[in-house]
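Okay, structure first, notes after.
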Amino acid sequence: MIDDTLLTDIRSRFAHVAACPFTGPRVFFENAGGTLTLSSVVETSARFAAIPDNQGRANGAAQALMDVIARARAAGADFFNAPDGQVIVGESGTELLFRLVRTAVTRQGRGVVLGSTVEHPASRSAAAHWAGVMGLEHRLVPHDDALGLVTPEAYAAAVTPDVTVATILHTSPVTGMGMDLPSIARAIRAVAPEALIIVDGIQHASHGHIDVAAAGVDGYVISPYKVFSRHGYGVAWVGERLTDLGPEQLHGGPARNWELGTRDTGAYATFSDVVDYFDWLGGQVGSAETRRGRIEDAGRAIRAQETRLTEAMLHGTGNLKALAEMPGVHVIGGTDNQAREGLVCFWAEGHAAADIVERLNTEGIRTHTRKADHYSGNILTPLGRDSAVRVSLCHYNSVAEVAQFLSVMADILKD
Ligand SMILES: Cc1ncc(COP(=O)(O)O)c(C=O)c1O
């Protein structure tokens, strides 16, 4: 769906696509650490940083700022496919996950908090912490080491009617696998229909579409720097049932307000830029008549392009040897995993992951070492690994860049 002409157009919309401002030309395969930034986001950030006015005043500037926020919230509602609820901005994805989990667990104050071992520590730590404070059980559903994900069946086996809060990771930033979110939510609701379900969608957001209505969840959190915007804020959709519990609040302030303190209008404006980008891309690859339809078309095109790239990496392109066929290479989650979302994590017998990452970096290919620490130990330790190489792609990457990677890898592994 994304041909060479469109790929050129796509790449022209991002900053620092082919070269790092610090180190020069490079292939960017570190998208799970933060995607490329839209040039529109860079321009919007600078524009809003210069505005001194605050919201909520009786003047034209304040009104313009509030209009920007209202437009971004409406764009966000389409992005999440949110039937109701609120799109809010917080300090970071992690902070928003803590806030939603804290509100859900402390206000429920009873029952079991359910999560899974595949989760990033953001949601897992929040649930463990607040379940501990409230004296509640924090039950972890085991993930499947071979597949690099947790299944709906595993959630179904662990859920009991007393589950009041559940957390789900949409996509793992270590294995790269996407969970079957609607089926996991259905498995939870089949047994605990009133459970509040909070989703960490931070790794998923740049890789395809989000649909909170179809998933039937109560909260969904993303980090904009991992979906073409910048650092400095997180975005969440919060459903009505979660808001009904009563978020932390300024005394006398609006009871259903989740946002604490003055908003950065520029953050909202840059999130609008992200939705505009999905809207534009959807228009290039489909003919949908609504913004939501175009966002969905963009999601399909992104997924198709990323599959093309990871297939080229795993199974070879041109006459280059496939990563999966290189000596001693083990790909986490297997080489034909349909749940893969643009990310390949591997180790190679006899080569330290950090050495491979350093060699790739020297040859102008940026990847990242995942260590068995508090971020990735839940995935790597059960596999008996202390580290692995993470290669994370995005739809703006090209098969030529994958070929460059394969050729350097072949060289590294022949040493
Ligand atoms: C799945 C997932 N959850 C949470 C986080 C933490 O996000 P942040 O540092 O933006 O708060 C990350 C970061 O990469 C992530 O991939």
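Chain labels run A, B, ... following the order of the structure tokens; each chain numbers its residues from 1, and ligands are numbered from 1 in the order shown.
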Practice problem: Write out as a ChimeraX atom specification all residues of range 231-331 of chain A that DSSP puts in strand (DSSP E or B) for this structure's backbone. | Solution: /A:234-238,329-331
Those residues you just picked out, can you put them in a file as a PDB file, in the first residue's frame with C-alpha atoms?
ATOM      1  CA  GLY A 234       1.527  11.821  27.787  1.00  0.00           C
ATOM      2  CA  VAL A 235      -1.993  11.390  26.410  1.00  0.00           C
ATOM      3  CA  ALA A 236      -4.802   9.213  27.759  1.00  0.00           C
ATOM      4  CA  TRP A 237      -8.361   8.464  26.895  1.00  0.00           C
ATOM      5  CA  VAL A 238     -10.395   7.979  30.082  1.00  0.00           C
ATOM      6  CA  VAL A 329      20.649 -16.150  15.744  1.00  0.00           C
ATOM      7  CA  HIS A 330      17.542 -16.637  17.916  1.00  0.00           C
ATOM      8  CA  VAL A 331      14.570 -14.361  17.315  1.00  0.00           C
TER       9      VAL A 331
END
Practice problem: Please extract the residues at most 10 Å from ligand 1, counting only C-alpha atoms and all ligand atoms, and provide them as an MDAnalysis selection string, using the chain letters and residue numbers of this document. | Solution: chainID A and resid 31:34 90:98 118:124 168:174 176 199:205 221:226 231:235 375
Go ahead and write the residues just picked, C-alpha atoms, as a PDB file, in the first residue's frame.
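The new file result.pdb reads:
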ATOM      1  CA  ASN A  31      11.792   3.659  17.028  1.00  0.00           C
ATOM      2  CA  ALA A  32      10.728   1.851  20.196  1.00  0.00           C
ATOM      3  CA  GLY A  33      12.919   4.288  22.115  1.00  0.00           C
ATOM      4  CA  GLY A  34      11.033   7.155  20.461  1.00  0.00           C
ATOM      5  CA  GLY A  90      -0.383  14.369  31.633  1.00  0.00           C
ATOM      6  CA  GLU A  91       3.300  14.468  32.473  1.00  0.00           C
ATOM      7  CA  SER A  92       4.191  11.190  30.655  1.00  0.00           C
ATOM      8  CA  GLY A  93       2.697   7.851  29.687  1.00  0.00           C
ATOM      9  CA  THR A  94       4.025   6.311  32.891  1.00  0.00           C
ATOM     10  CA  GLU A  95       2.551   9.092  35.030  1.00  0.00           C
ATOM     11  CA  LEU A  96      -0.853   8.696  33.368  1.00  0.00           C
ATOM     12  CA  LEU A  97      -0.807   4.927  33.851  1.00  0.00           C
ATOM     13  CA  PHE A  98       0.000   5.448  37.537  1.00  0.00           C
ATOM     14  CA  VAL A 118       4.422  -9.413  29.857  1.00  0.00           C
ATOM     15  CA  GLU A 119       3.675  -5.850  30.993  1.00  0.00           C
ATOM     16  CA  HIS A 120       6.143  -2.980  30.981  1.00  0.00           C
ATOM     17  CA  PRO A 121       6.924  -1.881  34.568  1.00  0.00           C
ATOM     18  CA  ALA A 122       4.842   1.284  34.096  1.00  0.00           C
ATOM     19  CA  SER A 123       1.491  -0.493  34.501  1.00  0.00           C
ATOM     20  CA  ARG A 124       2.840  -3.479  36.452  1.00  0.00           C
ATOM     21  CA  ILE A 168      -3.372  -5.027  29.693  1.00  0.00           C
ATOM     22  CA  LEU A 169      -0.252  -4.285  27.650  1.00  0.00           C
ATOM     23  CA  HIS A 170      -1.286  -3.723  24.041  1.00  0.00           C
ATOM     24  CA  THR A 171       2.184  -4.267  22.489  1.00  0.00           C
ATOM     25  CA  SER A 172       5.448  -5.310  24.102  1.00  0.00           C
ATOM     26  CA  PRO A 173       8.429  -3.002  23.496  1.00  0.00           C
ATOM     27  CA  VAL A 174      10.751  -5.971  24.135  1.00  0.00           C
ATOM     28  CA  GLY A 176       7.396  -6.505  19.620  1.00  0.00           C
ATOM     29  CA  VAL A 199      -4.462  -0.406  28.718  1.00  0.00           C
ATOM     30  CA  ASP A 200      -0.816   0.508  28.181  1.00  0.00           C
ATOM     31  CA  GLY A 201      -0.844   1.342  24.456  1.00  0.00           C
ATOM     32  CA  ILE A 202       2.475   3.198  24.507  1.00  0.00           C
ATOM     33  CA  GLN A 203       4.361   0.790  22.229  1.00  0.00           C
ATOM     34  CA  HIS A 204       1.338   0.073  20.037  1.00  0.00           C
ATOM     35  CA  ALA A 205       0.338   3.612  19.078  1.00  0.00           C
ATOM     36  CA  VAL A 221      -2.541   5.548  27.601  1.00  0.00           C
ATOM     37  CA  ILE A 222       0.040   6.567  24.990  1.00  0.00           C
ATOM     38  CA  SER A 223       3.313   8.529  24.956  1.00  0.00           C
ATOM     39  CA  PRO A 224       3.350  11.015  22.054  1.00  0.00           C
ATOM     40  CA  TYR A 225       7.140  10.832  21.512  1.00  0.00           C
ATOM     41  CA  LYS A 226       6.538   7.195  20.577  1.00  0.00           C
ATOM     42  CA  HIS A 231       8.754  14.414  24.672  1.00  0.00           C
ATOM     43  CA  GLY A 232       7.239  16.276  27.605  1.00  0.00           C
ATOM     44  CA  TYR A 233       3.691  14.933  27.818  1.00  0.00           C
ATOM     45  CA  GLY A 234       1.527  11.821  27.787  1.00  0.00           C
ATOM     46  CA  VAL A 235      -1.993  11.390  26.410  1.00  0.00           C
ATOM     47  CA  TYR A 375      12.446  -3.033  32.184  1.00  0.00           C
TER      48      TYR A 375
END
Quiz item: What separation in Å, quoted to one decimal, exists between CA of Val275 in chain A and CA of Ala82 in chain A?
Solution: 13.9 Å
Quiz item: From the set A:Leu309, A:Asp180, A:Pro254, A:Gly333, which residue has the shortest atom-to-atom contact distance to Ala400 in chain A, counting only C-alpha atoms?
Solution: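 Looking only at the distances to Ala400 in chain A, the closest residue turns out to be A:Leu309.
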Practice problem: Among the residues of range 287-351 of chain A, find those DSSP assigns to helix (DSSP H, G or I) from the backbone and print them as number ranges by chain. | Solution: A: 291-315, 323-325
Go ahead and write the residues just picked, C-alpha atoms, as an mmCIF file, in the first residue's frame.
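What follows is the written file out39.cif:
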data_model
loop_
_atom_site.group_PDB
_atom_site.id
_atom_site.type_symbol
_atom_site.label_atom_id
_atom_site.label_comp_id
_atom_site.auth_asym_id
_atom_site.auth_seq_id
_atom_site.Cartn_x
_atom_site.Cartn_y
_atom_site.Cartn_z
ATOM 1 C CA ARG A 291 -11.394 11.267 9.617
ATOM 2 C CA ARG A 292 -11.851 8.067 11.636
ATOM 3 C CA GLY A 293 -12.061 6.050 8.410
ATOM 4 C CA ARG A 294 -8.829 7.611 7.151
ATOM 5 C CA ILE A 295 -7.097 6.924 10.493
ATOM 6 C CA GLU A 296 -8.110 3.266 10.130
ATOM 7 C CA ASP A 297 -6.838 3.146 6.537
ATOM 8 C CA ALA A 298 -3.545 4.659 7.718
ATOM 9 C CA GLY A 299 -3.309 1.967 10.406
ATOM 10 C CA ARG A 300 -3.717 -0.780 7.794
ATOM 11 C CA ALA A 301 -1.066 0.757 5.533
ATOM 12 C CA ILE A 302 1.344 1.150 8.466
ATOM 13 C CA ARG A 303 0.866 -2.467 9.443
ATOM 14 C CA ALA A 304 1.353 -3.696 5.863
ATOM 15 C CA GLN A 305 4.558 -1.685 5.428
ATOM 16 C CA GLU A 306 5.979 -2.828 8.765
ATOM 17 C CA THR A 307 5.176 -6.449 7.943
ATOM 18 C CA ARG A 308 6.975 -6.030 4.622
ATOM 19 C CA LEU A 309 10.027 -4.673 6.465
ATOM 20 C CA THR A 310 10.157 -7.321 9.203
ATOM 21 C CA GLU A 311 9.585 -10.081 6.634
ATOM 22 C CA ALA A 312 12.533 -8.732 4.623
ATOM 23 C CA MET A 313 14.627 -8.692 7.785
ATOM 24 C CA LEU A 314 13.662 -12.130 9.019
ATOM 25 C CA HIS A 315 13.403 -13.986 5.722
ATOM 26 C CA LEU A 323 18.607 -12.593 9.876
ATOM 27 C CA ALA A 324 16.853 -15.778 10.993
ATOM 28 C CA GLU A 325 19.296 -17.865 8.933
#
Quiz item: Separation of CA of Pro83 in chain A and CA of Ala70 in chain A, in Å?
Solution: 16.0 Å
Quiz item: Got a sec: who's within 10 Å of Leu7 in chain A, counting only C-alpha atoms, leaving out chain neighbours fewer than 2 positions off, as a list in words?
Solution: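 The contact residues come out as Met1, Ile2, Asp3, Asp4, Thr5, Asp9, Ile10, Arg11, Ser12, Gln305, His395, Tyr396, Asn397 and Ser398 of chain A.
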Quiz item: If we count only C-alpha atoms, what is near range 47-54 of chain A at a cut-off of 9 Å, once residues fewer than 4 positions away on the same chain are taken out, given as a list of chain:residue names?
Solution: A:Val42, A:Glu43, A:Ala61, A:Ala62, A:Leu65, A:Thr262, A:Arg263, A:Asp264, A:Thr265, A:Gly266, A:Ala267, A:Ala269
Store the residues picked out above in a file with C-alpha atoms, as a tab-separated table (two decimals), in the first residue's frame.
chain	number	residue	atom	x	y	z
A	42	VAL	CA	8.67	20.81	15.54
A	43	GLU	CA	7.17	23.92	13.96
A	61	ALA	CA	-5.62	34.78	22.77
A	62	ALA	CA	-7.04	32.71	25.63
A	65	LEU	CA	-5.73	28.53	22.96
A	262	THR	CA	-2.36	24.63	33.64
A	263	ARG	CA	-2.19	22.76	30.36
A	264	ASP	CA	0.56	23.14	27.77
A	265	THR	CA	-1.49	24.17	24.75
A	266	GLY	CA	1.49	23.30	22.54
A	267	ALA	CA	1.29	19.68	23.71
A	269	ALA	CA	-1.48	21.24	19.31
Self-check item: Residues near Ile412 in chain A, cut-off 12 Å, only C-alpha atoms, skip fewer than 5 positions along chain, as a PyMOL selection string
Solution: chain A and resi 323+326-329+348+350-353+355-363+405-407
